[in-house]
Amino acid sequence: MDARKYPEMEEEILRYWEENSIFQKSLEKRKGGKKFVFLEGPPTANGLPHPGHVLTRTMKDVVLRYKSMQGYYVERKAGWDTHGLPVEIEVEKMLGLSNKQDVEKYGIEKFNEECKKSVFRYEKAWKDMTRRVGFWIDMENPYITLDNTYIESVWWSLKEAWKKGLLYRGHRVTPYCPRCGTTLSSHEVAQGYKEVEDPSIFVKFKVKGKDEYFLAWTTTPWTLISNVALAVNPEEWYVKIKYNGEIFILAEQRAAVLLKNEEYEEIDRFYGKELEGMEYEPLYRFTEPDKKCWFVILADFVTMDDGTGIVHIAPAFGEEDYEAGKKYDLPVVQLVDMEGKFKPEVKPWAGKFVKDADREIIEDLRKRNVLVSEHRHKHQYPFCWRCDSPLLYYAVESWFVGMSKLRKELVANNEKINWYPEYIKHGRFGEFIKEARDWALSRKRFWGTPLPIWVCQDCGKEICIGSVEELKEMAEEMPEHLDLHRPYVDRIVLKCPECGGKMKRMEEVIDAWYDSGSAPFAQWHYPFENEEKFKENFPADFICEAIDQTRGWFYSLLAVSTVVFNEAPYRNVLTLGLILDEKGQKMSKKMRNYVEPTEIFEKYGSDALRWYLITASPPWQPKRFYEKAVKDTLSKFLLTLWNVFSFYSTYSSLDDFDYSRDAVSVERRTLLDRWILSRLNSVVMEVKEKMDGFEVHKAGRLLEDFIVEDLSNWYVRNSRKRFWSEERDEAKMAGYSTLYEVLTTIAKLIAPFTPFIAERIYLDMEGGESVHLCDYPTPDKTMIDKGLEERMEMVRKIVEEARALRAKAGIKLRYPLQEVMILAPQNLQEMEGIIREEINVKEVRFVSDIHHFMEKKARPNYSKLGPKYREMARKVAEAIEKEKALEPGMKVEVDGKTYEIEEDDIILEEVPKEGYEVGEVDGIKIALNIVQTPELIKEGFAREIIRRIQEMRKEMDLEMEEKIEVEMDANEEMLEGWLEYVKNETRSREIRFVAEPKGEHVKKWKIDEKEITIGIRRA
Ligand SMILES: [Zn+2]
Ligand SMILES: [Zn+2]
């Protein structure tokens, strides 16, 4: 098959699958069998799929097809993730809205309608990609997180958390995106750290009533506006120093570091705890706090690592500050609005985004002479992973899931999971869950699962609603068409069970990660429906996503299931490495550094892409993805397999071979046949082993080695000749039987990996129905002969070495040589024919000791002969060298005198016999006779001519049987004795030796430095 035809072949197979409902049949066939439960991580279809998605879909498909062929019932329900900030941001951009107020003005109802539309904008592109990559999954009945049924299940789980006291409202400092107007969870924040440069300033706070100053340090000058206290470490030493004519208080260690090149005088020394309660004058006083503030407090979190050992405290903007504030009953001064801008009270900077005000605040401090010094400071700062705004730490009211109370349970449930690769379990993931923080669940946004909590407007009672039924029971009035989204759900007013007052829903929606984390039960609308279904499918046997889901979906799944069921929701998780470009750069839409998957499908097809992704590296390692890699995979692997198949089908149909009628029993097969069958069964065994451990890359590489090296480069090459005979003899039938068995087994073996070519080969060979309805091959251990495999391996090494020896001697493989001698640890007699053919020698001699190809050669012993009788010695040596066989006692003539050689006049050495090249590999010694006799040269020349004529026949598109006449300008003697052989091999009626060859096709060739013209015409 032409490489260009490959994608077309795949399209045909796709149509075959669809027209014959092969996926459905594969499911039906396994129904009732043991289940292998897969849970699909839902993508969002508001963006186009990229190569990373092709990778996840490929890996899932390989595993699931494999399990299905192994007899498991593998249901595959697709899913769509549809809620959340990413969707809202896209829609805001599209509508030209820049913040929450804009959205509210635009109208939540209209806005959410747009969100709903946008989440399926690229559904078709996703479906097309999924189809084209060959991922079998039920896209017709997916779970969708925006469905009422899905939301209801999520509500049920939240109510479970509520009942366990794990869903609570807290006033806590949380990472907050001022642009998106909402808090983020800690696992979201973990995705968005960047290195930035911020101001780093030292400011002084005047001690009340004294001419002394506390020296403090901050990298967020804008928080100084809301300062209410200074914190020191009670157990550390502090000093009072005189520096530049002023008196400062700071930590002793820090003074030593900060002022190490400066002069200062220490006036006093004391523990930090002695400073507790000392009051100071505030830098800013834009509001009058309702509680006592502006004094020194004690806190263990103050370190001696940086700053001055005195930390400025603004409880509204730091988690530790907030906790310390609670302890000292400090006021929470919050002078920043929810968009991250200063409130009107902060007159000079009102309405300004806080980080943008830093510069002016520093200038103000400088003017007032409270700025001691200013630097720039590089550090890691979190940004919103979706909109890229710098996050602020805000004390805001938010709803939390108490994950920190469940750390032990999370750890215990993680123990039930097999991670691939294993090191993530106790590493990246294990470390994360050990320190699990409470999950900041609520989002003050619009498009998401509404938080099902209603509050009484009269008595303040809060209730959590866990089902639509419950809602109906308590509602004053229910809408005709129930849509659980905002703003419709906001309009449902409940009657307070305590006081009969009106209850309204809290306006928050929840983190979309909680939605996808609820997939194990919400996809079945459990517990309202499908109880059996849920039980059969929980926990999942297998999930598989990119490694960046470790703290994303892999975590949210475990978290939700731990809260609701105290159970691990999956047993095996395969994590996939990132996809990089050719140079190892991360792929990004901005850089456009990748080829669109659709382009790859069109040019090379999906098998090539799949095979490349599978074998390039272990699944969890990063992969470089580029066009040439896929192209090479197609030609090196897939077309090699295709060529073997088409070799088989061409010859076997010429001979009208029918396996069921003509198969030859295994005992009557050739050695080579038995060897390839042994290899096949060994490979089946190894592939299964690797696949069961999710080492798909190793399974793939085993198959590639087997198909390319063993089957194509060794078995077929060495078997070819028997198929060329005219007779339908047994050797030939044995070869067909073997190739038939190997190829049909290969089709099944590779079916999970490259489902298209597997199907094409299988259907062409077996007819009937799809290869994907077959059982995965099991090894026939009686066919495995390890000894034979070892010996063949030895033979391949011998051949490789002998060819290297040929190259060393400059003799091409087409020129036969007389003999090779082999000294091997095992009896390789049965392989003699293969070795002879592969090395192209007339004779293979197995020898039992080294002397067969080494000889003792004597040379003059110059050290004995010189220097005493120098001139004489030289002449003796010369005479000795002339002699062929040197022996003590023989006589040489020197200057007319006879000299008798003594024993120590010569040195005996072991050297290869003359005319031999000698080599060694793995303890096997090889001697190749490299003497080219005129007869051998003629034979080689005949082969060179044959090859050229064959090539020209191909260029003329001749049928195999078609006869030709040949003219050439070679010397007739060059082919003496080989003319008939050449005629036979090339199907020539006649070969004429002429000065100017003519024909339909005339071509000039260069053979061993000689120019030879050959002309061919049809006869
Ligand atoms: Zn944001
Ligand atoms: Zn009430």
# chains A, B, ... in the order shown; residues from 1 in each chain; ligands from 1
>>> residues_near_ligand(ligand="ligand 1", cutoff="9 Å", atoms="only C-alpha atoms and all ligand atoms", output="number ranges by chain")
A: 85, 89, 176-182, 184, 383-391
>>> write_last_selection(atoms="C-alpha atoms", output="PDB file, in the first residue's frame")
ATOM      1  CA  LEU A  85     -15.154  29.987  35.289  1.00  0.00           C
ATOM      2  CA  ILE A  89     -14.618  33.998  30.852  1.00  0.00           C
ATOM      3  CA  TYR A 176      -9.257  35.609  45.432  1.00  0.00           C
ATOM      4  CA  CYS A 177      -9.320  36.709  41.828  1.00  0.00           C
ATOM      5  CA  PRO A 178     -10.411  40.359  41.710  1.00  0.00           C
ATOM      6  CA  ARG A 179     -11.180  40.185  37.985  1.00  0.00           C
ATOM      7  CA  CYS A 180     -13.320  37.081  38.209  1.00  0.00           C
ATOM      8  CA  GLY A 181     -14.702  38.306  41.515  1.00  0.00           C
ATOM      9  CA  THR A 182     -14.434  34.979  43.235  1.00  0.00           C
ATOM     10  CA  LEU A 184     -10.292  29.983  44.244  1.00  0.00           C
ATOM     11  CA  PHE A 383      -2.071  34.350  39.327  1.00  0.00           C
ATOM     12  CA  CYS A 384      -5.564  33.332  38.315  1.00  0.00           C
ATOM     13  CA  TRP A 385      -5.111  30.168  36.246  1.00  0.00           C
ATOM     14  CA  ARG A 386      -7.896  31.250  33.959  1.00  0.00           C
ATOM     15  CA  CYS A 387      -7.690  35.019  33.485  1.00  0.00           C
ATOM     16  CA  ASP A 388      -4.092  35.664  34.543  1.00  0.00           C
ATOM     17  CA  SER A 389      -4.898  38.434  37.073  1.00  0.00           C
ATOM     18  CA  PRO A 390      -2.685  38.573  40.158  1.00  0.00           C
ATOM     19  CA  LEU A 391      -4.570  36.957  43.031  1.00  0.00           C
TER      20      LEU A 391
END
>>> closest_atom_pairs(of="chain A", to="ligand 2", cutoff="12 Å", atoms="only C-alpha atoms and all ligand atoms", output="Markdown table")
| residue | atom | partner | partner_atom_place_in_ligand_line | distance |
| --- | --- | --- | --- | --- |
| A:Trp454 | CA | ligand 2 | 1 (Zn) | 10.5 |
| A:Val455 | CA | ligand 2 | 1 (Zn) | 7.9 |
| A:Cys456 | CA | ligand 2 | 1 (Zn) | 4.6 |
| A:Gln457 | CA | ligand 2 | 1 (Zn) | 6.7 |
| A:Asp458 | CA | ligand 2 | 1 (Zn) | 5.1 |
| A:Cys459 | CA | ligand 2 | 1 (Zn) | 3.9 |
| A:Gly460 | CA | ligand 2 | 1 (Zn) | 5.9 |
| A:Lys461 | CA | ligand 2 | 1 (Zn) | 5.4 |
| A:Glu462 | CA | ligand 2 | 1 (Zn) | 8.5 |
| A:Ile463 | CA | ligand 2 | 1 (Zn) | 10.3 |
| A:Leu494 | CA | ligand 2 | 1 (Zn) | 10.1 |
| A:Lys495 | CA | ligand 2 | 1 (Zn) | 7.9 |
| A:Cys496 | CA | ligand 2 | 1 (Zn) | 4.6 |
| A:Pro497 | CA | ligand 2 | 1 (Zn) | 6.6 |
| A:Glu498 | CA | ligand 2 | 1 (Zn) | 5.0 |
| A:Cys499 | CA | ligand 2 | 1 (Zn) | 4.1 |
| A:Gly500 | CA | ligand 2 | 1 (Zn) | 5.8 |
| A:Gly501 | CA | ligand 2 | 1 (Zn) | 4.8 |
| A:Lys502 | CA | ligand 2 | 1 (Zn) | 7.0 |
| A:Met503 | CA | ligand 2 | 1 (Zn) | 7.2 |
| A:Lys504 | CA | ligand 2 | 1 (Zn) | 10.6 |
>>> residues_around(residues="range 665-680 of chain A", least_positions_apart="3", cutoff="6 Å", atoms="only C-alpha atoms", output="PDB file with N, CA and C atoms, in the first residue's frame")
ATOM      1  N   VAL A 683       6.141 -13.668  22.474  1.00  0.00           N
ATOM      2  CA  VAL A 683       5.734 -12.263  22.451  1.00  0.00           C
ATOM      3  C   VAL A 683       4.313 -12.107  23.000  1.00  0.00           C
ATOM      4  N   ALA A 734       3.871 -25.030   3.991  1.00  0.00           N
ATOM      5  CA  ALA A 734       4.224 -24.839   5.403  1.00  0.00           C
ATOM      6  C   ALA A 734       4.457 -23.365   5.677  1.00  0.00           C
ATOM      7  N   MET A 783       4.267 -24.295  21.916  1.00  0.00           N
ATOM      8  CA  MET A 783       4.959 -23.821  20.713  1.00  0.00           C
ATOM      9  C   MET A 783       6.263 -23.104  21.045  1.00  0.00           C
ATOM     10  N   ILE A 784       6.444 -22.795  22.320  1.00  0.00           N
ATOM     11  CA  ILE A 784       7.634 -22.019  22.687  1.00  0.00           C
ATOM     12  C   ILE A 784       8.827 -22.944  22.885  1.00  0.00           C
ATOM     13  N   ASP A 785       9.890 -22.674  22.150  1.00  0.00           N
ATOM     14  CA  ASP A 785      11.129 -23.431  22.261  1.00  0.00           C
ATOM     15  C   ASP A 785      12.236 -22.412  22.514  1.00  0.00           C
TER      16      ASP A 785
END
>>> closest_residue(among="A:Ile492, A:Leu365, A:Met338, A:Val573", to="Ile417 in chain A", atoms="only C-alpha atoms")
A:Val573
>>> residues_around(residues="Gly71 in chain A", least_positions_apart="3", cutoff="12 Å", atoms="only C-alpha atoms", output="ChimeraX atom specification")
/A:26-36,64-68,74,772-778
>>> closest_residue(among="A:Ile225, A:Leu392, A:Leu441, A:Ala802", to="Phe342 in chain A", atoms="only C-alpha atoms")
A:Ile225
>>> closest_residue(among="A:Trp447, A:Tyr264, A:Tyr328, A:Phe202", to="Phe111 in chain A", atoms="only C-alpha atoms")
A:Trp447
>>> residues_around(residues="Leu958 in chain A", least_positions_apart="3", cutoff="12 Å", atoms="only C-alpha atoms", output="list in words")
Ile949, Gln950, Glu951, Met952, Arg953, Lys954, Glu955, Glu961, Glu962, Lys963, Ile964, Thr986, Arg987, Glu1000, His1001, Ile1016, Arg1017, Arg1018 and Ala1019 of chain A
>>> closest_residue(among="A:Ala616, A:Pro43, A:Asp969, A:Trp1005", to="Arg992 in chain A", atoms="only C-alpha atoms")
A:Asp969
>>> select_by_dssp(residues="range 80-324 of chain A", states="strand (DSSP E or B)", output="ChimeraX atom specification")
/A:80,138-144,167-177,182-183,193-207,212-218,229-232,237-243,246-251,265-271,279-280,295-298,310-313
>>> select_by_dssp(residues="range 109-309 of chain A", states="alpha helix (DSSP H)", output="PyMOL selection string")
chain A and resi 109-118+123-133+148-163+186-189+252-258
>>> residues_around(residues="Met403 in chain A", least_positions_apart="2", cutoff="7 Å", atoms="only C-alpha atoms", output="PyMOL selection string")
chain A and resi 401+405-407+436-439
